[in-house]
2 protein chains.
Amino acid sequence: MALYVQKFGGTSVGSVERIKSVAERVKRFRDQGHQVVVVVSAMSGETNRLIGLAEEINEEPTPREMDMLVSTGEQVTISLLAMALHRLGVPATSYTGAQVGIRTDSAHTKARIQNIETNDLQQDLDDGQVIVVAGFQGVDDEGNITTLGRGGSDTTGVALAAALNADECQIYTDVDGVYTTDPRVCSRARRLKTVTVEEMLEMASLGSKVLQIRAVEFAGKYNVPLRVLSSFDEEGEGTLIVAEHQESDTTMEEPLISGIAFNTNEAKLTVLSTPDVPGVASKILGPISDANIEVDMIVQNVAPIGDHTDFTFTVSKADYRQTQKILENTVLPSLGGGEVRGDDQIAKVSLVGVGMRSHAGVASKMFRVLAEEGINIRMVSTSEIKISVVIDEKFMELAVRSLHTAFGLDRDDVKEEA
Amino acid sequence: MALYVQKFGGTSVGSVERIKSVAERVKRFRDQGHQVVVVVSAMSGETNRLIGLAEEINEEPTPREMDMLVSTGEQVTISLLAMALHRLGVPATSYTGAQVGIRTDSAHTKARIQNIETNDLQQDLDDGQVIVVAGFQGVDDEGNITTLGRGGSDTTGVALAAALNADECQIYTDVDGVYTTDPRVCSRARRLKTVTVEEMLEMASLGSKVLQIRAVEFAGKYNVPLRVLSSFDEEGEGTLIVAEHQESDTTMEEPLISGIAFNTNEAKLTVLSTPDVPGVASKILGPISDANIEVDMIVQNVAPIGDHTDFTFTVSKADYRQTQKILENTVLPSLGGGEVRGDDQIAKVSLVGVGMRSHAGVASKMFRVLAEEGINIRMVSTSEIKISVVIDEKFMELAVRSLHTAFGLDRDDVKEEA
């Protein structure tokens, strides 16, 4: 007998039919002798409907009242799911975040969980009940309803799993696991059986939206085995997110590289200036940061050829024009001259894998593969478990596919399939 | 400065625009220096939408889960109303039934209020906040969400007014007060300035659906001044429901009779039997009661002319055919013969007024007025503050209008109006 915390997102409970099908899945686990705690989101569309009502009334609603409002979405789902379980003869009880004792701070709309009281839950589980908990919400010390922010239901699931010392926290979603890369770009993408928390965080921050970053961090911190599964596929095993790869994984999966992330939502800007200006970096980035523009990659050549320093960084494409203006109108004058060059037709491609820590040569192999395809590298940035390159946007698919094959990530069965 | 508890029903908060207009009304009271606690229902249609979802999932949902589900309706309204008040610059805080400490028993879907903790509320009021409370709901000792049953928001309002010792509990609805009779039947119907709790209970049970009976009883028990007002009419004073009429009311309103109630949803049945059968009444009504059929008026002539007892009673029209069958197939054989006569084309018309207690002659005046119009009386039944007659259905409007005029209930200005 194991204790599972199973989280179903808004799409998985988006209709009466889907709620019934979640109930059937939960029943199958319970029929196998397992204890189950279910965490659910609001039915898809419901949160947006409620936010729409609020916006019609007050363009700047207070966060406390927004939490009061949107927390009803999950409350509807928990009662409906409990009713669906009852219909199948499964004893079940629903609880709001407040009722289950999910204590948070008072940062409405983005509260953080501080503590969960599990005594009553444990008693219910021991009595054979399935527990259905409203995700995304909690209660502060004054009894105000709080929410954890969008996607916070994942965090609720992981936090409950940690508090109850569950055997596994299962996140059901509309994909069947974490892939080596986006299958829409690379048909040979393969579902990973396991991925480490560190890798998952790198991949999530690079654009893979399978799981909330906070939930993954939480799982890492409290050592909760976390599995991503499809709510529409009964058979799949999904992807297990682990603290570190087991020895057996290493042999089986050769996880030198676990995956390839990419995005095309950044733009690149370069400032060419005379080399004798001290504090170039802060003079360039200070005004950008003052304008609340986030900078991602940064590359500076301290000893350039010729008489220029070139300082290059990327920002979100949405901030590209504004950043260009700030550089020209504010930064260049403060530097006493120089030149700004920009490019918003770029892609960022990253290899991610804890295995590269102990392997030299990943970077050089990556560069060689790209060079063989005739792809020029515009920027490089590295971390312990990641190498990112910026290339021309038009080469993105080619780069991802070439690297996917070169680093042994392709599915074995790809030739038999369409 | 006075403390008002104002309750707005589902129609009054049925749209974003109406919620805004409730906020404006509350603001005007507060601008006059008053403290305001607002109790709201779910937006009209919302409770039925939620019940519809439940029915699609489980035909017999547990009462606990139904309460969990439908209580979200009021929670949406309180947050939206608080936002609307904020937009007008009015400090306001919303509370669910559980948060405000409305303790009930555990009779889900029809719970009864046991206690309200008012300390925090009083503090908020003293801080200048408008308090917005979810009607219809509470919490039991185990922390489960309960509901008071349909229309329970009126009860929430009265109970809060009692607990806070409010100066007045105002129930805003889609009518502008309690009338002497239904204006659709009698255009001369007049809005009552005051009506007693007793009268209101008689009128409510006779079909006037302005207020929940429970709320009126509660107001009577705890001596809460209760006023019914229109949420769409800014100027009206509505009707004040009082423990007893003041001396000044008596002179001004001559409340010998306060109102005339009527309905056409009953049918009349008569059993003619031989007079020497003992226990006729229980032999007739026993089988009716066993079939869960409710009997309203009962008249028995113990010493009839000739050799028959006639025993007459009324039931709901919906139960008419079934009652007739029971009488013929079960009751007549047990009486050893007799005859059943029935009539479902009847109306019941009742005069209600605490003033008739101390005045003889109300009944004889009533009978005379009806006789002058050529209306035969089929049954009579009296209580302390009510006289009911059963007449042919076709005479109902005529009877109501004649009695309304004869007992001095007509509006003074009726001739000037259409």
# chains A, B, ... in the order shown; residues from 1 in each chain; ligands from 1
>>> closest_atom_pairs(of="chain B", to="chain A", cutoff="10 Å", atoms="only C-alpha atoms", output="tab-separated table")
residue	atom	partner	partner_atom	distance
B:Ser15	CA	A:Leu53	CA	9.3
B:Val16	CA	A:Ile57	CA	6.5
B:Glu17	CA	A:Ile57	CA	8.2
B:Ile19	CA	A:Ile57	CA	8.4
B:Lys20	CA	A:Ile57	CA	7.1
B:Leu50	CA	A:Val76	CA	8.1
B:Leu53	CA	A:Val16	CA	7.2
B:Ala54	CA	A:Leu80	CA	6.2
B:Glu55	CA	A:Met83	CA	9.4
B:Glu56	CA	A:Val16	CA	7.0
B:Ile57	CA	A:Ala84	CA	5.7
B:Asn58	CA	A:Arg87	CA	5.9
B:Glu59	CA	A:Arg87	CA	8.4
B:Glu60	CA	A:Arg87	CA	8.3
B:Pro61	CA	A:Met83	CA	5.7
B:Thr62	CA	A:Met83	CA	7.2
B:Arg64	CA	A:Ser79	CA	8.7
B:Glu65	CA	A:Ser79	CA	5.1
B:Met66	CA	A:Ser79	CA	7.1
B:Asp67	CA	A:Ser79	CA	8.6
B:Met68	CA	A:Ser79	CA	6.0
B:Leu69	CA	A:Val76	CA	5.2
B:Val70	CA	A:Val76	CA	8.0
B:Ser71	CA	A:Thr72	CA	8.8
B:Thr72	CA	A:Thr72	CA	5.4
B:Gly73	CA	A:Thr72	CA	8.1
B:Glu74	CA	A:Thr72	CA	9.7
B:Gln75	CA	A:Leu69	CA	6.7
B:Val76	CA	A:Leu69	CA	5.2
B:Thr77	CA	A:Leu69	CA	8.2
B:Ile78	CA	A:Leu69	CA	8.2
B:Ser79	CA	A:Glu65	CA	5.1
B:Leu80	CA	A:Ala54	CA	6.2
B:Leu81	CA	A:Ile57	CA	8.5
B:Ala82	CA	A:Glu65	CA	7.1
B:Met83	CA	A:Pro61	CA	5.7
B:Ala84	CA	A:Ile57	CA	5.7
B:Leu85	CA	A:Asn58	CA	9.1
B:His86	CA	A:Pro61	CA	7.8
B:Arg87	CA	A:Asn58	CA	5.9
B:Leu88	CA	A:Asn58	CA	9.5
B:Ala92	CA	A:Glu65	CA	9.8
B:Thr93	CA	A:Glu65	CA	8.0
B:Ser94	CA	A:Glu65	CA	7.3
B:Tyr95	CA	A:Met68	CA	8.6
B:Thr96	CA	A:Met68	CA	8.8
B:Ala98	CA	A:Gly143	CA	9.6
B:Gln99	CA	A:Gly143	CA	6.8
B:Val100	CA	A:Gly143	CA	9.8
B:Glu142	CA	A:Gln99	CA	9.6
B:Gly143	CA	A:Gln99	CA	6.8
B:Asn144	CA	A:Gln99	CA	7.9
B:Ile145	CA	A:Gln99	CA	9.3
>>> residues_around(residues="Glu235 in chain B", least_positions_apart="4", cutoff="12 Å", atoms="only C-alpha atoms", output="MDAnalysis selection string")
chainID B and resid 25 176 229:231
>>> write_last_selection(atoms="C-alpha atoms", output="PDB file, in the first residue's frame")
ATOM      1  CA  ARG B  25     -26.843  52.608  -2.122  1.00  0.00           C
ATOM      2  CA  ASP B 176     -41.370  47.722  -2.280  1.00  0.00           C
ATOM      3  CA  LEU B 229     -37.759  47.578   0.916  1.00  0.00           C
ATOM      4  CA  SER B 230     -37.394  47.637  -2.849  1.00  0.00           C
ATOM      5  CA  SER B 231     -33.840  47.482  -4.132  1.00  0.00           C
TER       6      SER B 231
END
>>> residues_around(residues="Gly238 in chain A", least_positions_apart="5", cutoff="10 Å", atoms="only C-alpha atoms", output="JSON, numbers by chain")
{"A": [170, 171, 172, 175, 176, 177, 178, 179, 191, 192, 193, 194, 227, 228, 229, 230, 233]}
>>> atom_distance(atom1="CA of Ala159 in chain A", atom2="CA of Gly89 in chain A")
28.2 Å
>>> residues_around(residues="range 395-410 of chain A", least_positions_apart="3", cutoff="6 Å", atoms="only C-alpha atoms", output="number ranges by chain")
A: 186, 188-189, 392
>>> write_last_selection(atoms="C-alpha atoms", output="short mmCIF file (atom, residue, chain, number, x, y, z; two decimals), in the first residue's frame")
data_model
loop_
_atom_site.label_atom_id
_atom_site.label_comp_id
_atom_site.auth_asym_id
_atom_site.auth_seq_id
_atom_site.Cartn_x
_atom_site.Cartn_y
_atom_site.Cartn_z
CA CYS A 186 11.79 17.37 -33.40
CA ARG A 188 12.42 12.12 -32.72
CA ALA A 189 11.95 13.63 -29.25
CA ASP A 392 19.92 32.99 -36.20
#
>>> select_by_dssp(residues="range 136-355 of chain B", states="strand (DSSP E)", output="VMD selection string")
chain B and resid 137 to 139 145 to 147 168 to 173 194 to 196 226 to 230 239 to 242 259 to 263 266 to 273 295 to 301 309 to 316 339 to 343 346 to 352
>>> residues_around(residues="Leu285 in chain A", least_positions_apart="4", cutoff="9 Å", atoms="only C-alpha atoms", output="ChimeraX atom specification")
/A:280-281,289-290,295,331
>>> residues_around(residues="Asn376 in chain B", least_positions_apart="4", cutoff="12 Å", atoms="only C-alpha atoms", output="PDB file with N, CA, C and O atoms, in the first residue's frame")
ATOM      1  N   ILE B 346     -62.083  25.992  -6.158  1.00  0.00           N
ATOM      2  CA  ILE B 346     -62.352  26.837  -4.996  1.00  0.00           C
ATOM      3  C   ILE B 346     -61.221  27.831  -4.767  1.00  0.00           C
ATOM      4  O   ILE B 346     -60.110  27.670  -5.286  1.00  0.00           O
ATOM      5  N   ALA B 347     -61.516  28.851  -4.002  1.00  0.00           N
ATOM      6  CA  ALA B 347     -60.508  29.818  -3.574  1.00  0.00           C
ATOM      7  C   ALA B 347     -60.637  29.982  -2.071  1.00  0.00           C
ATOM      8  O   ALA B 347     -61.729  29.852  -1.508  1.00  0.00           O
ATOM      9  N   MET B 366     -67.670  40.391   7.418  1.00  0.00           N
ATOM     10  CA  MET B 366     -67.110  39.686   6.258  1.00  0.00           C
ATOM     11  C   MET B 366     -68.202  38.907   5.526  1.00  0.00           C
ATOM     12  O   MET B 366     -68.330  38.989   4.296  1.00  0.00           O
ATOM     13  N   PHE B 367     -69.010  38.166   6.295  1.00  0.00           N
ATOM     14  CA  PHE B 367     -70.059  37.346   5.675  1.00  0.00           C
ATOM     15  C   PHE B 367     -71.086  38.232   4.969  1.00  0.00           C
ATOM     16  O   PHE B 367     -71.567  37.921   3.890  1.00  0.00           O
ATOM     17  N   ARG B 368     -71.392  39.393   5.609  1.00  0.00           N
ATOM     18  CA  ARG B 368     -72.392  40.284   5.036  1.00  0.00           C
ATOM     19  C   ARG B 368     -71.908  40.847   3.698  1.00  0.00           C
ATOM     20  O   ARG B 368     -72.631  40.861   2.706  1.00  0.00           O
ATOM     21  N   VAL B 369     -70.631  41.266   3.685  1.00  0.00           N
ATOM     22  CA  VAL B 369     -70.062  41.827   2.454  1.00  0.00           C
ATOM     23  C   VAL B 369     -70.120  40.802   1.318  1.00  0.00           C
ATOM     24  O   VAL B 369     -70.516  41.113   0.188  1.00  0.00           O
ATOM     25  N   LEU B 370     -69.755  39.581   1.648  1.00  0.00           N
ATOM     26  CA  LEU B 370     -69.773  38.540   0.616  1.00  0.00           C
ATOM     27  C   LEU B 370     -71.199  38.235   0.165  1.00  0.00           C
ATOM     28  O   LEU B 370     -71.452  38.058  -1.036  1.00  0.00           O
ATOM     29  N   ALA B 371     -72.121  38.205   1.120  1.00  0.00           N
ATOM     30  CA  ALA B 371     -73.520  37.923   0.777  1.00  0.00           C
ATOM     31  C   ALA B 371     -74.071  39.003  -0.137  1.00  0.00           C
ATOM     32  O   ALA B 371     -74.791  38.719  -1.106  1.00  0.00           O
ATOM     33  N   GLU B 372     -73.709  40.269   0.145  1.00  0.00           N
ATOM     34  CA  GLU B 372     -74.204  41.368  -0.682  1.00  0.00           C
ATOM     35  C   GLU B 372     -73.716  41.249  -2.123  1.00  0.00           C
ATOM     36  O   GLU B 372     -74.340  41.765  -3.052  1.00  0.00           O
ATOM     37  N   VAL B 380     -65.744  27.850   6.548  1.00  0.00           N
ATOM     38  CA  VAL B 380     -65.199  28.939   7.360  1.00  0.00           C
ATOM     39  C   VAL B 380     -64.225  28.328   8.351  1.00  0.00           C
ATOM     40  O   VAL B 380     -64.458  27.245   8.883  1.00  0.00           O
ATOM     41  N   VAL B 389     -62.288  32.016   4.539  1.00  0.00           N
ATOM     42  CA  VAL B 389     -63.469  31.399   3.950  1.00  0.00           C
ATOM     43  C   VAL B 389     -63.074  30.734   2.637  1.00  0.00           C
ATOM     44  O   VAL B 389     -62.153  31.181   1.960  1.00  0.00           O
ATOM     45  N   VAL B 390     -63.786  29.664   2.331  1.00  0.00           N
ATOM     46  CA  VAL B 390     -63.630  29.028   1.025  1.00  0.00           C
ATOM     47  C   VAL B 390     -64.839  29.401   0.197  1.00  0.00           C
ATOM     48  O   VAL B 390     -65.974  29.312   0.672  1.00  0.00           O
ATOM     49  N   ILE B 391     -64.579  29.893  -1.025  1.00  0.00           N
ATOM     50  CA  ILE B 391     -65.663  30.278  -1.932  1.00  0.00           C
ATOM     51  C   ILE B 391     -65.382  29.680  -3.312  1.00  0.00           C
ATOM     52  O   ILE B 391     -64.307  29.100  -3.528  1.00  0.00           O
ATOM     53  N   ASP B 392     -66.336  29.819  -4.214  1.00  0.00           N
ATOM     54  CA  ASP B 392     -66.084  29.360  -5.582  1.00  0.00           C
ATOM     55  C   ASP B 392     -64.941  30.181  -6.193  1.00  0.00           C
ATOM     56  O   ASP B 392     -64.871  31.397  -6.021  1.00  0.00           O
ATOM     57  N   GLU B 393     -64.057  29.499  -6.928  1.00  0.00           N
ATOM     58  CA  GLU B 393     -62.858  30.139  -7.469  1.00  0.00           C
ATOM     59  C   GLU B 393     -63.200  31.365  -8.307  1.00  0.00           C
ATOM     60  O   GLU B 393     -62.501  32.372  -8.262  1.00  0.00           O
ATOM     61  N   LYS B 394     -64.303  31.301  -9.055  1.00  0.00           N
ATOM     62  CA  LYS B 394     -64.633  32.394  -9.985  1.00  0.00           C
ATOM     63  C   LYS B 394     -64.945  33.704  -9.261  1.00  0.00           C
ATOM     64  O   LYS B 394     -64.896  34.770  -9.860  1.00  0.00           O
ATOM     65  N   PHE B 395     -65.262  33.608  -7.963  1.00  0.00           N
ATOM     66  CA  PHE B 395     -65.591  34.828  -7.210  1.00  0.00           C
ATOM     67  C   PHE B 395     -64.394  35.435  -6.477  1.00  0.00           C
ATOM     68  O   PHE B 395     -64.540  36.410  -5.742  1.00  0.00           O
ATOM     69  N   MET B 396     -63.225  34.845  -6.644  1.00  0.00           N
ATOM     70  CA  MET B 396     -62.101  35.255  -5.807  1.00  0.00           C
ATOM     71  C   MET B 396     -61.776  36.738  -5.918  1.00  0.00           C
ATOM     72  O   MET B 396     -61.716  37.457  -4.921  1.00  0.00           O
ATOM     73  N   ALA B 399     -64.415  38.920  -4.387  1.00  0.00           N
ATOM     74  CA  ALA B 399     -64.414  38.850  -2.926  1.00  0.00           C
ATOM     75  C   ALA B 399     -63.275  39.699  -2.354  1.00  0.00           C
ATOM     76  O   ALA B 399     -63.464  40.482  -1.421  1.00  0.00           O
TER      77      ALA B 399
END
>>> select_by_dssp(residues="range 168-259 of chain B", states="helix (DSSP H, G or I)", output="ChimeraX atom specification")
/B:197-205,213-222,247-253
>>> write_last_selection(atoms="N, CA, C and O atoms", output="tab-separated table (two decimals), in the first residue's frame")
chain	number	residue	atom	x	y	z
B	197	VAL	N	-45.32	40.88	13.40
B	197	VAL	CA	-44.72	39.58	13.09
B	197	VAL	C	-45.80	38.52	12.92
B	197	VAL	O	-45.78	37.75	11.95
B	198	GLU	N	-46.76	38.51	13.82
B	198	GLU	CA	-47.85	37.52	13.74
B	198	GLU	C	-48.61	37.62	12.42
B	198	GLU	O	-48.91	36.62	11.77
B	199	GLU	N	-48.95	38.86	12.06
B	199	GLU	CA	-49.68	39.07	10.81
B	199	GLU	C	-48.85	38.61	9.62
B	199	GLU	O	-49.34	37.97	8.68
B	200	MET	N	-47.58	38.97	9.67
B	200	MET	CA	-46.68	38.62	8.58
B	200	MET	C	-46.60	37.10	8.43
B	200	MET	O	-46.60	36.58	7.31
B	201	LEU	N	-46.54	36.41	9.55
B	201	LEU	CA	-46.46	34.94	9.49
B	201	LEU	C	-47.74	34.37	8.88
B	201	LEU	O	-47.68	33.47	8.05
B	202	GLU	N	-48.89	34.93	9.26
B	202	GLU	CA	-50.15	34.44	8.68
B	202	GLU	C	-50.18	34.73	7.19
B	202	GLU	O	-50.60	33.91	6.38
B	203	MET	N	-49.73	35.90	6.82
B	203	MET	CA	-49.78	36.26	5.39
B	203	MET	C	-48.78	35.44	4.59
B	203	MET	O	-49.07	35.03	3.47
B	204	ALA	N	-47.60	35.22	5.17
B	204	ALA	CA	-46.58	34.45	4.45
B	204	ALA	C	-47.07	33.03	4.24
B	204	ALA	O	-46.97	32.49	3.13
B	205	SER	N	-47.64	32.43	5.27
B	205	SER	CA	-48.07	31.05	5.12
B	205	SER	C	-49.27	30.95	4.20
B	205	SER	O	-49.61	29.89	3.71
B	213	ILE	N	-40.32	32.76	6.16
B	213	ILE	CA	-41.00	32.64	7.45
B	213	ILE	C	-40.00	32.55	8.60
B	213	ILE	O	-40.16	33.19	9.64
B	214	ARG	N	-38.92	31.77	8.37
B	214	ARG	CA	-37.93	31.61	9.43
B	214	ARG	C	-37.32	32.93	9.86
B	214	ARG	O	-37.07	33.17	11.04
B	215	ALA	N	-37.06	33.79	8.86
B	215	ALA	CA	-36.45	35.08	9.18
B	215	ALA	C	-37.41	35.92	10.01
B	215	ALA	O	-37.00	36.61	10.96
B	216	VAL	N	-38.70	35.87	9.66
B	216	VAL	CA	-39.69	36.65	10.41
B	216	VAL	C	-39.80	36.13	11.84
B	216	VAL	O	-39.82	36.90	12.81
B	217	GLU	N	-39.85	34.82	11.98
B	217	GLU	CA	-39.89	34.22	13.32
B	217	GLU	C	-38.69	34.65	14.15
B	217	GLU	O	-38.79	35.01	15.31
B	218	PHE	N	-37.53	34.59	13.50
B	218	PHE	CA	-36.27	34.96	14.15
B	218	PHE	C	-36.32	36.42	14.62
B	218	PHE	O	-35.94	36.75	15.74
B	219	ALA	N	-36.83	37.28	13.73
B	219	ALA	CA	-36.94	38.71	14.08
B	219	ALA	C	-37.88	38.89	15.26
B	219	ALA	O	-37.61	39.69	16.16
B	220	GLY	N	-38.98	38.13	15.26
B	220	GLY	CA	-39.92	38.23	16.37
B	220	GLY	C	-39.28	37.77	17.68
B	220	GLY	O	-39.37	38.43	18.71
B	221	LYS	N	-38.58	36.64	17.60
B	221	LYS	CA	-37.98	36.04	18.79
B	221	LYS	C	-36.94	36.97	19.41
B	221	LYS	O	-36.85	37.11	20.63
B	222	TYR	N	-36.10	37.60	18.57
B	222	TYR	CA	-35.01	38.43	19.08
B	222	TYR	C	-35.32	39.92	19.01
B	222	TYR	O	-34.43	40.74	19.20
B	247	GLU	N	-49.52	52.69	19.28
B	247	GLU	CA	-50.81	53.38	19.41
B	247	GLU	C	-51.04	54.30	18.21
B	247	GLU	O	-52.12	54.34	17.63
B	248	SER	N	-50.00	54.99	17.82
B	248	SER	CA	-50.13	55.94	16.71
B	248	SER	C	-50.52	55.24	15.41
B	248	SER	O	-51.28	55.76	14.61
B	249	ASP	N	-49.99	54.01	15.22
B	249	ASP	CA	-50.37	53.26	14.03
B	249	ASP	C	-51.86	53.00	14.03
B	249	ASP	O	-52.53	53.08	13.01
B	250	THR	N	-52.38	52.66	15.23
B	250	THR	CA	-53.78	52.28	15.33
B	250	THR	C	-54.68	53.41	14.85
B	250	THR	O	-55.61	53.21	14.07
B	251	THR	N	-54.39	54.60	15.34
B	251	THR	CA	-55.21	55.72	14.89
B	251	THR	C	-55.01	55.99	13.41
B	251	THR	O	-55.95	56.21	12.67
B	252	MET	N	-53.73	55.96	12.98
B	252	MET	CA	-53.46	56.32	11.60
B	252	MET	C	-53.95	55.26	10.60
B	252	MET	O	-54.48	55.58	9.56
B	253	GLU	N	-53.75	54.03	10.95
B	253	GLU	CA	-54.00	52.99	9.93
B	253	GLU	C	-55.24	52.17	10.21
B	253	GLU	O	-55.63	51.35	9.39
>>> atom_distance(atom1="CA of Thr312 in chain A", atom2="CA of Lys325 in chain A")
15.5 Å
